[in-house]
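Engineer: This is upload-v7.txt (compact mmCIF, C-alpha atoms and all ligand atoms).
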```
# COMPACT_ATOMS: atom_id res chain seq x y z
CA MET A 1 -5.90 222.71 85.92
CA ALA A 2 -2.74 221.23 84.48
CA VAL A 3 -1.85 217.63 85.23
CA THR A 4 0.45 217.46 88.25
CA ALA A 5 2.56 214.73 89.76
CA LYS A 6 3.31 215.13 93.44
CA PHE A 7 6.14 213.05 94.90
CA ILE A 8 5.38 212.52 98.54
CA ASN A 9 7.62 209.74 99.75
CA GLY A 10 9.74 206.69 98.95
CA LEU A 11 12.15 208.75 96.85
CA LYS A 12 15.51 207.86 98.35
CA GLU A 13 14.61 204.62 100.06
CA ILE A 14 13.55 201.15 98.94
CA GLY A 15 9.79 201.13 99.30
CA GLY A 16 7.07 203.45 100.50
CA THR A 17 6.51 204.98 97.06
CA PHE A 18 3.75 207.58 97.26
CA VAL A 19 2.99 209.60 94.15
CA GLU A 20 -0.19 211.48 93.27
CA ILE A 21 -1.34 212.30 89.75
CA GLU A 22 -3.97 215.02 89.91
CA THR A 23 -6.21 216.88 87.48
CA GLY A 24 -9.11 219.27 88.04
CA ALA A 25 -11.49 216.27 88.17
CA ALA A 26 -9.62 213.41 89.85
CA LYS A 27 -6.65 212.31 91.89
CA CYS A 28 -4.88 208.98 91.70
CA VAL A 29 -2.48 207.84 94.44
CA PHE A 30 0.11 205.05 94.11
CA ASP A 31 1.24 202.87 95.89
CA PHE A 32 0.05 202.56 99.48
CA GLY A 33 2.70 200.72 101.50
CA TYR A 34 4.95 201.82 104.31
CA ALA A 35 7.76 204.35 103.95
CA LYS A 36 10.39 204.99 106.64
CA GLY A 37 9.88 201.48 107.99
CA GLY A 38 12.75 201.99 110.43
CA LEU A 39 10.44 204.14 112.54
CA LEU A 40 8.16 201.19 113.25
CA ASP A 41 8.84 198.76 116.06
CA ARG A 42 6.89 195.50 116.00
CA ASP A 43 7.03 195.50 119.83
CA ILE A 44 5.17 198.84 120.02
CA PRO A 45 1.56 198.24 118.96
CA LEU A 46 -0.20 200.95 116.99
CA ARG A 47 -3.17 202.74 118.56
CA PRO A 48 -6.00 201.36 116.38
CA GLU A 49 -8.21 204.48 116.33
CA PHE A 50 -5.25 206.77 115.54
CA ALA A 51 -3.20 204.36 113.43
CA ALA A 52 -3.56 206.29 110.15
CA SER A 53 -2.72 209.67 111.64
CA ASP A 54 0.06 208.29 113.85
CA LEU A 55 1.71 206.67 110.82
CA ALA A 56 1.19 209.75 108.64
CA SER A 57 2.65 211.98 111.35
CA PHE A 58 5.91 210.02 111.04
CA GLY A 59 5.83 210.00 107.23
CA VAL A 60 5.28 206.22 107.15
CA LEU A 61 2.00 207.01 105.35
CA PRO A 62 1.37 210.20 103.34
CA ARG A 63 -0.14 213.29 104.92
CA THR A 64 -2.51 214.02 102.10
CA ASP A 65 -6.09 215.01 101.23
CA GLY A 66 -8.80 212.58 100.27
CA VAL A 67 -7.67 209.20 101.62
CA TYR A 68 -8.44 209.04 105.37
CA ASP A 69 -11.55 209.05 107.52
CA GLU A 70 -12.86 212.18 109.20
CA SER A 71 -11.19 211.75 112.59
CA ASN A 72 -7.72 210.92 111.27
CA ALA A 73 -7.95 213.61 108.57
CA LYS A 74 -8.81 216.18 111.24
CA ILE A 75 -5.74 215.31 113.32
CA LEU A 76 -3.57 215.58 110.20
CA ASN A 77 -5.27 218.81 109.10
CA VAL A 78 -6.11 217.40 105.65
CA LEU A 79 -9.39 216.80 103.83
CA SER A 80 -11.14 213.51 104.57
CA TYR A 81 -12.19 211.15 101.77
CA GLU A 82 -15.78 212.41 101.96
CA ALA A 83 -14.82 216.10 101.96
CA PHE A 84 -12.41 215.64 99.05
CA LYS A 85 -14.89 213.51 97.08
CA ALA A 86 -17.32 216.40 97.13
CA GLN A 87 -14.77 218.18 94.87
CA LYS A 88 -13.15 215.40 92.87
CA GLU A 89 -12.71 211.63 92.59
CA CYS A 90 -9.87 210.05 94.54
CA PHE A 91 -8.56 206.51 94.05
CA VAL A 92 -5.57 204.33 94.83
CA LEU A 93 -3.50 202.04 92.58
CA VAL A 94 -1.49 199.17 94.03
CA SER A 95 1.20 197.72 91.78
CA HIS A 96 1.80 194.60 93.89
CA LEU A 97 1.37 193.09 97.32
CA HIS A 98 4.72 193.68 99.01
CA ILE A 99 4.31 195.46 102.34
CA ASP A 100 6.26 198.49 101.12
CA HIS A 101 3.56 198.89 98.43
CA MET A 102 0.37 197.83 100.23
CA GLY A 103 0.99 197.81 103.99
CA GLY A 104 -1.11 200.94 104.52
CA LEU A 105 -4.32 199.71 102.85
CA GLY A 106 -5.98 198.97 106.19
CA ARG A 107 -5.52 202.62 107.21
CA LEU A 108 -7.42 204.11 104.28
CA HIS A 109 -10.98 205.33 104.40
CA PRO A 110 -12.95 202.09 103.91
CA GLU A 111 -14.80 203.40 100.85
CA ILE A 112 -11.91 204.71 98.77
CA PRO A 113 -11.54 202.53 95.65
CA VAL A 114 -8.27 200.61 95.50
CA TYR A 115 -7.41 199.05 92.12
CA MET A 116 -5.09 196.08 91.72
CA THR A 117 -4.82 193.19 89.26
CA GLU A 118 -7.21 190.26 89.62
CA ASP A 119 -4.32 188.03 90.75
CA SER A 120 -3.32 190.59 93.36
CA LEU A 121 -6.91 190.68 94.59
CA THR A 122 -7.03 186.88 94.84
CA LEU A 123 -3.84 187.00 96.89
CA TYR A 124 -5.05 189.96 98.97
CA ARG A 125 -8.16 188.00 99.97
CA ARG A 126 -5.97 185.11 101.12
CA LEU A 127 -3.67 187.49 103.06
CA VAL A 128 -6.72 188.88 104.83
CA GLU A 129 -8.09 185.40 105.58
CA ASN A 130 -4.70 184.42 107.07
CA ASP A 131 -4.33 187.60 109.11
CA ASP A 132 -1.27 188.48 107.01
CA VAL A 133 -2.13 192.19 106.56
CA GLN A 134 -1.40 195.26 108.65
CA GLY A 135 -4.54 196.54 110.39
CA ALA A 136 -8.00 195.93 108.99
CA ALA A 137 -8.78 194.53 105.55
CA HIS A 138 -9.57 197.24 103.03
CA GLU A 139 -13.18 196.76 101.93
CA ASN A 140 -13.29 198.43 98.55
CA CYS A 141 -10.58 196.61 96.56
CA ILE A 142 -11.31 196.21 92.86
CA GLY A 143 -9.59 193.55 90.75
CA VAL A 144 -8.80 194.67 87.20
CA LYS A 145 -7.72 192.65 84.17
CA PRO A 146 -4.20 193.39 82.97
CA GLY A 147 -4.38 194.89 79.48
CA GLU A 148 -7.83 196.43 80.02
CA THR A 149 -8.15 200.17 80.53
CA PHE A 150 -10.41 201.58 83.25
CA ARG A 151 -11.35 205.15 83.92
CA VAL A 152 -11.99 207.23 87.04
CA GLY A 153 -13.04 210.83 86.41
CA ASP A 154 -10.77 212.06 83.62
CA ILE A 155 -7.94 209.63 84.43
CA GLU A 156 -7.52 206.47 82.32
CA VAL A 157 -5.42 203.64 83.69
CA LEU A 158 -4.01 200.65 81.83
CA PRO A 159 -2.53 198.00 84.17
CA LEU A 160 0.08 195.77 82.51
CA GLU A 161 1.62 192.70 84.11
CA THR A 162 5.31 192.64 84.96
CA ASP A 163 7.61 190.00 86.40
CA HIS A 164 8.41 190.50 90.08
CA ASP A 165 8.84 188.15 93.04
CA VAL A 166 5.18 188.19 94.04
CA LYS A 167 2.00 187.04 92.31
CA GLY A 168 -0.02 189.67 90.44
CA ALA A 169 2.58 192.43 89.97
CA CYS A 170 1.92 195.11 87.37
CA GLY A 171 2.93 198.55 86.17
CA PHE A 172 0.55 201.27 85.00
CA LEU A 173 0.15 203.51 81.98
CA ILE A 174 -1.90 206.49 83.10
CA LYS A 175 -3.42 208.86 80.56
CA THR A 176 -5.15 212.14 81.21
CA GLN A 177 -5.60 215.40 79.31
CA GLY A 178 -3.28 214.23 76.53
CA LYS A 179 -0.46 213.34 78.95
CA THR A 180 0.92 209.86 79.55
CA ILE A 181 2.53 208.77 82.79
CA CYS A 182 4.22 205.40 83.14
CA TYR A 183 4.74 203.89 86.60
CA THR A 184 6.72 200.65 86.60
CA GLY A 185 6.08 199.31 90.11
CA ASP A 186 8.85 196.79 90.91
CA TYR A 187 10.10 194.61 88.06
CA ARG A 188 12.89 192.38 86.79
CA PHE A 189 14.06 190.49 83.74
CA HIS A 190 15.34 187.30 85.39
CA GLY A 191 12.17 185.74 86.80
CA PHE A 192 9.94 183.03 85.35
CA HIS A 193 8.17 185.57 83.10
CA ARG A 194 10.61 188.08 81.70
CA GLU A 195 8.35 188.28 78.64
CA LEU A 196 5.81 190.17 80.76
CA THR A 197 8.29 192.89 81.69
CA GLU A 198 9.44 193.02 78.08
CA ALA A 199 5.84 193.45 76.86
CA PHE A 200 5.31 196.21 79.43
CA VAL A 201 8.38 198.06 78.11
CA GLN A 202 7.22 197.67 74.49
CA ALA A 203 3.70 198.88 75.31
CA ALA A 204 5.09 201.97 77.03
CA ALA A 205 7.54 202.57 74.17
CA LYS A 206 4.63 202.85 71.74
CA GLU A 207 3.40 205.89 73.64
CA THR A 208 4.90 209.33 74.01
CA VAL A 209 5.60 209.06 77.70
CA ASP A 210 5.65 212.45 79.39
CA LEU A 211 6.72 211.11 82.75
CA LEU A 212 8.37 207.77 83.56
CA ILE A 213 8.52 206.84 87.22
CA THR A 214 10.73 203.79 87.67
CA GLU A 215 11.98 201.80 90.61
CA SER A 216 15.78 201.68 90.79
CA THR A 217 16.54 199.39 93.71
CA MET A 218 19.62 197.79 92.19
CA VAL A 219 21.68 200.99 92.04
CA SER A 220 21.31 201.36 95.81
CA HIS A 221 24.50 199.66 96.91
CA GLY A 222 27.93 200.38 95.47
CA ASP A 223 28.93 202.69 92.66
CA VAL A 224 27.28 202.10 89.29
CA ASP A 225 28.16 203.88 86.07
CA MET A 226 24.98 203.13 84.16
CA LEU A 227 26.03 204.74 80.89
CA SER A 228 29.03 202.44 80.54
CA LEU A 229 27.06 199.20 80.93
CA CYS A 230 26.93 197.21 77.69
CA ALA A 231 25.74 193.80 78.88
CA PRO A 232 23.95 192.30 81.84
CA GLU A 233 26.17 191.06 84.64
CA ALA A 234 27.23 187.48 83.95
CA GLY A 235 26.45 184.59 86.27
CA LYS A 236 23.58 186.18 88.19
CA ARG A 237 21.16 183.68 89.70
CA THR A 238 17.74 183.49 88.05
CA GLU A 239 14.54 181.88 89.33
CA GLU A 240 15.20 178.90 87.04
CA ASN A 241 18.78 178.53 88.37
CA LEU A 242 17.47 178.64 91.92
CA GLN A 243 15.19 175.68 91.28
CA GLN A 244 18.12 173.75 89.82
CA GLU A 245 20.34 174.56 92.79
CA LEU A 246 17.66 173.54 95.26
CA GLY A 247 17.16 170.32 93.33
CA GLU A 248 20.90 169.63 93.56
CA ARG A 249 20.87 170.24 97.32
CA ALA A 250 17.98 167.79 97.66
CA LYS A 251 19.86 165.18 95.65
CA ALA A 252 23.16 165.62 97.49
CA SER A 253 21.74 165.41 101.00
CA THR A 254 20.37 162.38 102.80
CA GLY A 255 18.98 164.43 105.69
CA LEU A 256 16.20 166.95 106.13
CA LEU A 257 16.36 170.31 104.35
CA LEU A 258 14.84 173.28 106.16
CA VAL A 259 13.80 176.21 103.96
CA ASP A 260 12.66 179.79 104.51
CA PHE A 261 11.11 181.77 101.66
CA TYR A 262 8.51 184.45 101.09
CA PRO A 263 5.08 182.78 100.80
CA ARG A 264 3.62 185.56 98.61
CA ASN A 265 6.02 184.50 95.87
CA VAL A 266 3.51 181.76 95.14
CA GLU A 267 4.86 180.66 91.77
CA ARG A 268 8.27 179.93 93.28
CA VAL A 269 6.62 177.68 95.89
CA HIS A 270 4.53 175.98 93.20
CA ARG A 271 7.67 175.25 91.18
CA LEU A 272 9.52 174.07 94.28
CA ILE A 273 6.82 171.49 95.03
CA GLU A 274 7.47 170.07 91.56
CA THR A 275 11.28 170.32 91.79
CA MET A 276 11.34 168.50 95.12
CA SER A 277 8.93 165.86 93.96
CA ARG A 278 11.27 165.10 91.03
CA HIS A 279 13.97 164.41 93.64
CA GLY A 280 11.73 162.14 95.68
CA ARG A 281 10.96 164.68 98.40
CA LYS A 282 7.78 166.22 99.72
CA LEU A 283 7.76 169.94 100.43
CA VAL A 284 5.98 170.40 103.77
CA LEU A 285 4.42 173.84 104.16
CA ASN A 286 2.73 175.75 106.92
CA ASP A 287 -1.05 176.23 106.70
CA MET A 288 -0.82 179.78 105.35
CA THR A 289 1.52 178.88 102.49
CA CYS A 290 -0.66 175.87 101.59
CA ASP A 291 -3.61 178.24 101.34
CA TYR A 292 -1.75 180.67 99.03
CA VAL A 293 -0.60 177.86 96.74
CA HIS A 294 -4.07 176.31 96.65
CA ALA A 295 -5.61 179.66 95.61
CA PHE A 296 -3.54 179.72 92.39
CA TYR A 297 -2.59 176.09 91.78
CA PRO A 298 -5.50 173.97 93.03
CA GLU A 299 -4.04 170.84 91.40
CA ASP A 300 -0.79 170.94 93.41
CA PRO A 301 -0.35 168.13 95.95
CA LEU A 302 -0.11 169.82 99.35
CA TYR A 303 1.62 168.59 102.50
CA VAL A 304 0.81 170.67 105.55
CA TYR A 305 2.96 170.61 108.66
CA ALA A 306 0.60 169.26 111.29
CA GLU A 307 2.14 171.42 114.02
CA THR A 308 0.79 174.55 112.26
CA MET A 309 -2.80 173.44 111.71
CA ALA A 310 -5.48 171.71 113.77
CA ASP A 311 -6.83 168.57 112.10
CA ALA A 312 -10.39 169.89 112.20
CA GLN A 313 -9.42 172.86 110.01
CA ARG A 314 -7.42 170.92 107.47
CA PRO A 315 -9.08 170.52 104.05
CA ALA A 316 -9.40 166.83 103.22
CA ALA A 317 -7.14 167.10 100.17
CA TRP A 318 -4.17 168.43 102.16
CA ASN A 319 -1.89 165.68 103.41
CA ARG A 320 -0.86 165.88 107.04
CA VAL A 321 2.81 165.50 107.97
CA THR A 322 3.83 165.40 111.63
CA ARG A 323 7.11 166.06 113.38
CA ALA A 324 7.39 162.32 114.01
CA ASP A 325 6.88 161.54 110.29
CA ILE A 326 9.79 163.82 109.39
CA LEU A 327 12.05 162.48 112.13
CA ALA A 328 11.37 158.93 110.93
CA GLN A 329 12.36 159.64 107.30
CA PRO A 330 14.11 163.03 107.15
CA GLY A 331 15.55 162.44 103.67
CA GLN A 332 12.08 162.33 102.18
CA TYR A 333 11.11 165.83 103.21
CA VAL A 334 11.87 169.53 102.83
CA LEU A 335 10.28 171.55 105.63
CA GLN A 336 9.32 175.22 105.45
CA LEU A 337 10.36 176.94 108.68
CA ASP A 338 9.24 180.52 108.77
CA HIS A 339 10.57 182.92 111.35
CA GLU A 340 7.74 182.40 113.82
CA SER A 341 8.36 178.66 113.91
CA LEU A 342 12.16 178.82 114.03
CA TYR A 343 12.38 176.95 117.34
CA GLU A 344 11.13 173.89 115.45
CA ALA A 345 14.74 173.69 114.24
CA LEU A 346 15.62 172.41 117.72
CA SER A 347 13.59 169.25 117.09
CA PHE A 348 15.48 168.53 113.89
CA ARG A 349 19.06 169.34 114.92
CA ALA A 350 20.10 165.67 114.60
CA VAL A 351 18.62 165.16 111.12
CA ALA A 352 18.70 168.56 109.33
CA THR A 353 21.62 168.96 106.96
CA ALA A 354 20.97 172.58 105.94
CA PHE A 355 18.79 175.63 106.45
CA LEU A 356 18.33 177.26 103.04
CA HIS A 357 17.19 180.87 103.15
CA PHE A 358 15.83 182.25 99.91
CA ASP A 359 14.23 185.62 100.48
CA GLY A 360 12.04 184.85 103.49
CA PRO A 361 11.68 187.25 106.37
CA PRO A 362 13.85 188.39 108.08
CA PHE A 363 15.27 189.55 104.76
CA GLY A 364 18.78 190.69 105.61
CA ASP A 365 21.35 191.51 108.22
CA TYR A 366 20.05 195.08 108.63
CA ASP A 367 17.28 193.40 110.66
CA PRO A 368 18.36 192.33 114.19
CA ALA A 369 16.02 189.31 113.78
CA TYR A 370 18.27 188.05 110.95
CA ARG A 371 21.32 187.92 113.20
CA LYS A 372 19.30 186.15 115.91
CA MET A 373 18.17 183.56 113.33
CA LEU A 374 21.82 182.87 112.39
CA ALA A 375 22.81 182.58 116.05
CA LEU A 376 19.99 180.14 116.77
CA LEU A 377 20.85 177.92 113.81
CA GLU A 378 24.50 177.95 114.79
CA ALA A 379 23.55 176.91 118.32
CA CYS A 380 21.59 174.03 116.73
CA GLY A 381 24.57 173.08 114.58
CA ILE A 382 22.52 173.45 111.37
CA PRO A 383 24.51 174.96 108.47
CA PHE A 384 22.91 178.10 107.01
CA GLU A 385 23.02 178.95 103.33
CA ARG A 386 21.56 181.95 101.52
CA LEU A 387 20.31 181.44 97.96
CA GLY A 388 18.36 184.59 97.21
CA VAL A 389 17.10 185.85 93.85
CA SER A 390 16.37 189.56 93.66
CA GLY A 391 12.96 190.85 92.63
CA HIS A 392 14.53 193.86 90.93
CA ALA A 393 16.05 194.58 87.55
CA GLU A 394 19.79 194.90 87.49
CA PRO A 395 21.21 198.25 86.32
CA TYR A 396 21.74 197.16 82.70
CA TYR A 397 18.05 196.31 82.34
CA LEU A 398 17.00 199.41 84.22
CA ARG A 399 18.78 201.46 81.57
CA TYR A 400 17.32 199.26 78.83
CA LEU A 401 13.81 200.03 80.07
CA ILE A 402 14.46 203.77 80.22
CA ASP A 403 16.30 203.90 76.88
CA THR A 404 13.48 202.00 75.19
CA ILE A 405 10.65 204.09 76.63
CA GLN A 406 12.51 207.40 76.07
CA PRO A 407 10.38 209.56 78.34
CA ARG A 408 10.31 213.36 78.29
CA ILE A 409 10.85 213.35 82.06
CA LEU A 410 12.40 210.55 84.08
CA VAL A 411 11.96 210.19 87.84
CA PRO A 412 13.92 207.27 89.32
CA LEU A 413 12.94 206.36 92.87
CA HIS A 414 12.62 203.34 95.21
CA SER A 415 16.41 203.39 95.73
CA PHE A 416 18.96 204.67 98.22
CA ARG A 417 20.92 206.24 95.34
CA PRO A 418 18.48 207.22 92.57
CA GLU A 419 21.02 209.82 91.40
CA GLN A 420 23.02 206.93 89.91
CA VAL A 421 20.28 206.28 87.33
CA GLN A 422 21.46 207.64 83.97
CA SER A 423 20.22 207.49 80.39
CA ASN A 424 21.05 209.54 77.30
CA LYS A 425 17.59 208.95 75.90
CA VAL A 426 15.48 211.08 78.23
CA GLY A 427 14.44 214.73 77.93
CA LYS A 428 15.39 215.44 81.49
CA ARG A 429 15.84 213.58 84.74
CA ILE A 430 14.35 214.97 87.93
CA LEU A 431 15.20 213.81 91.45
CA PRO A 432 12.34 215.38 93.38
CA GLU A 433 12.47 216.31 97.03
CA GLU A 434 9.70 215.03 99.31
CA GLY A 435 6.53 216.97 98.56
CA GLU A 436 7.78 218.34 95.22
CA ILE A 437 5.21 218.84 92.47
CA ILE A 438 6.00 218.43 88.76
CA ARG A 439 3.54 220.11 86.37
CA LEU A 440 3.14 218.28 83.08
CA LEU A 441 2.78 221.04 80.51
ZN ZN B 1 9.23 197.70 96.47
ZN ZN B 2 8.22 194.61 95.47
```
Kindly transcribe the structure held in the file into structure tokens.
Ligand SMILES: [Zn+2]
Ligand SMILES: [Zn+2]

Structural biologist:
Amino acid sequence: MAVTAKFINGLKEIGGTFVEIETGAAKCVFDFGYAKGGLLDRDIPLRPEFAASDLASFGVLPRTDGVYDESNAKILNVLSYEAFKAQKECFVLVSHLHIDHMGGLGRLHPEIPVYMTEDSLTLYRRLVENDDVQGAAHENCIGVKPGETFRVGDIEVLPLETDHDVKGACGFLIKTQGKTICYTGDYRFHGFHRELTEAFVQAAAKETVDLLITESTMVSHGDVDMLSLCAPEAGKRTEENLQQELGERAKASTGLLLVDFYPRNVERVHRLIETMSRHGRKLVLNDMTCDYVHAFYPEDPLYVYAETMADAQRPAAWNRVTRADILAQPGQYVLQLDHESLYEALSFRAVATAFLHFDGPPFGDYDPAYRKMLALLEACGIPFERLGVSGHAEPYYLRYLIDTIQPRILVPLHSFRPEQVQSNKVGKRILPEEGEIIRLL
């Protein structure tokens, strides 16, 4: 059997990428998040016993052989993991732990092997411990070292770290039957570790890549003529700039700063602890964020907001900060207020000088919760400011990656407008329809 790549979902949207690489002996599926997220309503709970098939019926998860348990597979009229395994190996790759790439893990058959980097696995275990996953924890997750090849059936996989706004992100070089497939996951060149993305590009460029599957988020909005780009856009905010700007805000204000960010971007939080400490402030975090930081940076001084954690559960090394402590000396603190604890803002309306939002949920004004957050802060009289840094490569660097790798076939996805992705250095570009199969000959 020839090597095939089947493009199931996540082709003209941001997230929910589902691709299968299949040979006569094995099948590899990546990623396993949620597609068509607009079909989900957090106020309508899933039916636990039918969750996998309900989600796959909508196209939120893939309707495919070899990944679900017997009862869900039967409803979907596909082969269960056990039935498929009798014919060939089946496994899942997860490039990183954003919900659009891993939200469906709890719906898989519990025995299917799921490979992710060791850092991703460390983070996944903390997400599970903090009830920060959708559905059950997946039991058979395997942490792999970036740069070390592993093999399942006749498929060889080399995970390589990339820079993205979450700990543990990677892309994959997949080799089988003399063919090489490169899947980028999500990546950028303006984070703390652009050298990782650069090394990923160079490693892929050394190969003859038959199929390059790249994210292309940043060509989603507005018209982009990729072929005419000759330099990166000037003045874009980087992770380093963000730290500087936040430091300046801390210096300029005598009151309390409230902040909302994405806790899985652990390195940003780690750096922020340091930045704020340089400006004489303590960053006060909720219990979950403290746990994520501690898992990767055990030396960091941690200040946990006492309203989020009972004293009996607090590790001795974590300092306790109460509402009264902050009200007494607001200029000495920066307080993380995630969406669930937004009403805490009401207690600080007299002392908070700003609410700084940098990529925490709710992520943008397409989400009704975002508009409600703005309305609440306005009612409190607390000025809102957005200081986001994208996790995705801008179009110039997207073309740089493609031009450098020079694949025989290019498939851009993870974008509302993948048709805007252009390069003169590829054999051909394919924009597959949902369910389309490409045979690598
Ligand atoms: Zn994504
Ligand atoms: Zn991502």

Engineer: Can you tell me which residues sit at most 12 Å away from ligand ZN 1 (chain B), counting only C-alpha atoms and all ligand atoms, written as a PyMOL selection string?

Structural biologist: chain A and resi 10-11+13-18+30-35+94-103+164-166+169-170+184-188+214-218+390-393+413-415

Engineer: Please identify all polymer residues within 8 Å of Tyr292 of chain A, counting all atoms listed in the file, omitting same-chain residues fewer than 5 positions from it, and present them as a list in words.

Structural biologist: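 My reading of the contact set: Leu123, Arg126, Pro263, Arg264 and Val266 of chain A.
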
Engineer: Export C-alpha atoms of the chosen residues as a PDB file, keeping the file's coordinate frame?

Structural biologist:
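For reference, again-v6.pdb as written:
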```pdb
ATOM      1  CA  LEU A 123      -3.840 187.000  96.890  1.00  0.00           C
ATOM      2  CA  ARG A 126      -5.970 185.110 101.120  1.00  0.00           C
ATOM      3  CA  PRO A 263       5.080 182.780 100.800  1.00  0.00           C
ATOM      4  CA  ARG A 264       3.620 185.560  98.610  1.00  0.00           C
ATOM      5  CA  VAL A 266       3.510 181.760  95.140  1.00  0.00           C
TER       6      VAL A 266
END
```

Engineer: Write out as a PDB file with C-alpha atoms, in the coordinates of the input the residues lying within 10 Å of Val67 of chain A, counting all atoms listed in the file and excluding same-chain residues fewer than 2 positions away.

Structural biologist:
```pdb
ATOM      1  CA  VAL A  29      -2.480 207.840  94.440  1.00  0.00           C
ATOM      2  CA  ALA A  52      -3.560 206.290 110.150  1.00  0.00           C
ATOM      3  CA  PRO A  62       1.370 210.200 103.340  1.00  0.00           C
ATOM      4  CA  ARG A  63      -0.140 213.290 104.920  1.00  0.00           C
ATOM      5  CA  THR A  64      -2.510 214.020 102.100  1.00  0.00           C
ATOM      6  CA  ASP A  65      -6.090 215.010 101.230  1.00  0.00           C
ATOM      7  CA  ASP A  69     -11.550 209.050 107.520  1.00  0.00           C
ATOM      8  CA  GLU A  70     -12.860 212.180 109.200  1.00  0.00           C
ATOM      9  CA  ASN A  72      -7.720 210.920 111.270  1.00  0.00           C
ATOM     10  CA  ALA A  73      -7.950 213.610 108.570  1.00  0.00           C
ATOM     11  CA  VAL A  78      -6.110 217.400 105.650  1.00  0.00           C
ATOM     12  CA  LEU A  79      -9.390 216.800 103.830  1.00  0.00           C
ATOM     13  CA  SER A  80     -11.140 213.510 104.570  1.00  0.00           C
ATOM     14  CA  TYR A  81     -12.190 211.150 101.770  1.00  0.00           C
ATOM     15  CA  GLU A  82     -15.780 212.410 101.960  1.00  0.00           C
ATOM     16  CA  ALA A  83     -14.820 216.100 101.960  1.00  0.00           C
ATOM     17  CA  PHE A  84     -12.410 215.640  99.050  1.00  0.00           C
ATOM     18  CA  LYS A  85     -14.890 213.510  97.080  1.00  0.00           C
ATOM     19  CA  CYS A  90      -9.870 210.050  94.540  1.00  0.00           C
ATOM     20  CA  PHE A  91      -8.560 206.510  94.050  1.00  0.00           C
ATOM     21  CA  VAL A  92      -5.570 204.330  94.830  1.00  0.00           C
ATOM     22  CA  ARG A 107      -5.520 202.620 107.210  1.00  0.00           C
ATOM     23  CA  LEU A 108      -7.420 204.110 104.280  1.00  0.00           C
ATOM     24  CA  HIS A 109     -10.980 205.330 104.400  1.00  0.00           C
ATOM     25  CA  PRO A 110     -12.950 202.090 103.910  1.00  0.00           C
ATOM     26  CA  GLU A 111     -14.800 203.400 100.850  1.00  0.00           C
ATOM     27  CA  ILE A 112     -11.910 204.710  98.770  1.00  0.00           C
ATOM     28  CA  PRO A 113     -11.540 202.530  95.650  1.00  0.00           C
TER      29      PRO A 113
END
```

Engineer: Taking only C-alpha atoms and all ligand atoms into account, which of A:Gly104, A:Pro362, A:Pro432, A:Gly171 comes nearest ligand ZN 2 (chain B)?

Structural biologist: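 Under the stated criterion, the closest residue is A:Gly171.
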
Engineer: Which polymer residues have any atom within 10 Å of an atom of Ala324 of chain A, counting only C-alpha atoms, with same-chain residues fewer than 5 positions away left out, as a PyMOL selection string?

Structural biologist: chain A and resi 329-330+347

Engineer: Nearest residue to Val293 of chain A out of A:Leu127, A:Met276, A:Ala310, A:Leu39, using all atoms listed in the file?

Structural biologist: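 Looking only at the distances to Val293 of chain A, the closest residue turns out to be A:Leu127.
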
Engineer: A:Asp260, A:Asp41, A:Glu161, A:Glu129: which is nearest Glu340 of chain A, counting all atoms listed in the file?

Structural biologist: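 Going through A:Asp260, A:Asp41, A:Glu161, A:Glu129 one by one, the smallest distance to Glu340 of chain A is for A:Asp260.
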
Engineer: Excluding segment 435-441 of chain A and its own-chain neighbours fewer than 2 positions away, which residues fall within 8 Å of it when counting only C-alpha atoms? Please give them as a list in words.

Structural biologist: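 Answer for this query is Ala2, Val3, Thr4, Ala5, Lys6, Phe7, Ile8, Asn9, Lys179, Asp210, Pro432 and Glu433 of chain A.
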
Engineer: Please indicate the distance in Å from atom CA of Glu394 of chain A to atom CA of Leu356 of chain A, rounded to one decimal place.

Structural biologist: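 According to the coordinates, atom CA of Glu394 of chain A and atom CA of Leu356 of chain A are separated by 23.6 Å.
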
Engineer: Quote the spacing between atom CA of His357 of chain A and atom CA of Leu242 of chain A in Å to one decimal place.

Structural biologist: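 Value for the atom CA of His357 of chain A-atom CA of Leu242 of chain A distance: 11.5 Å.
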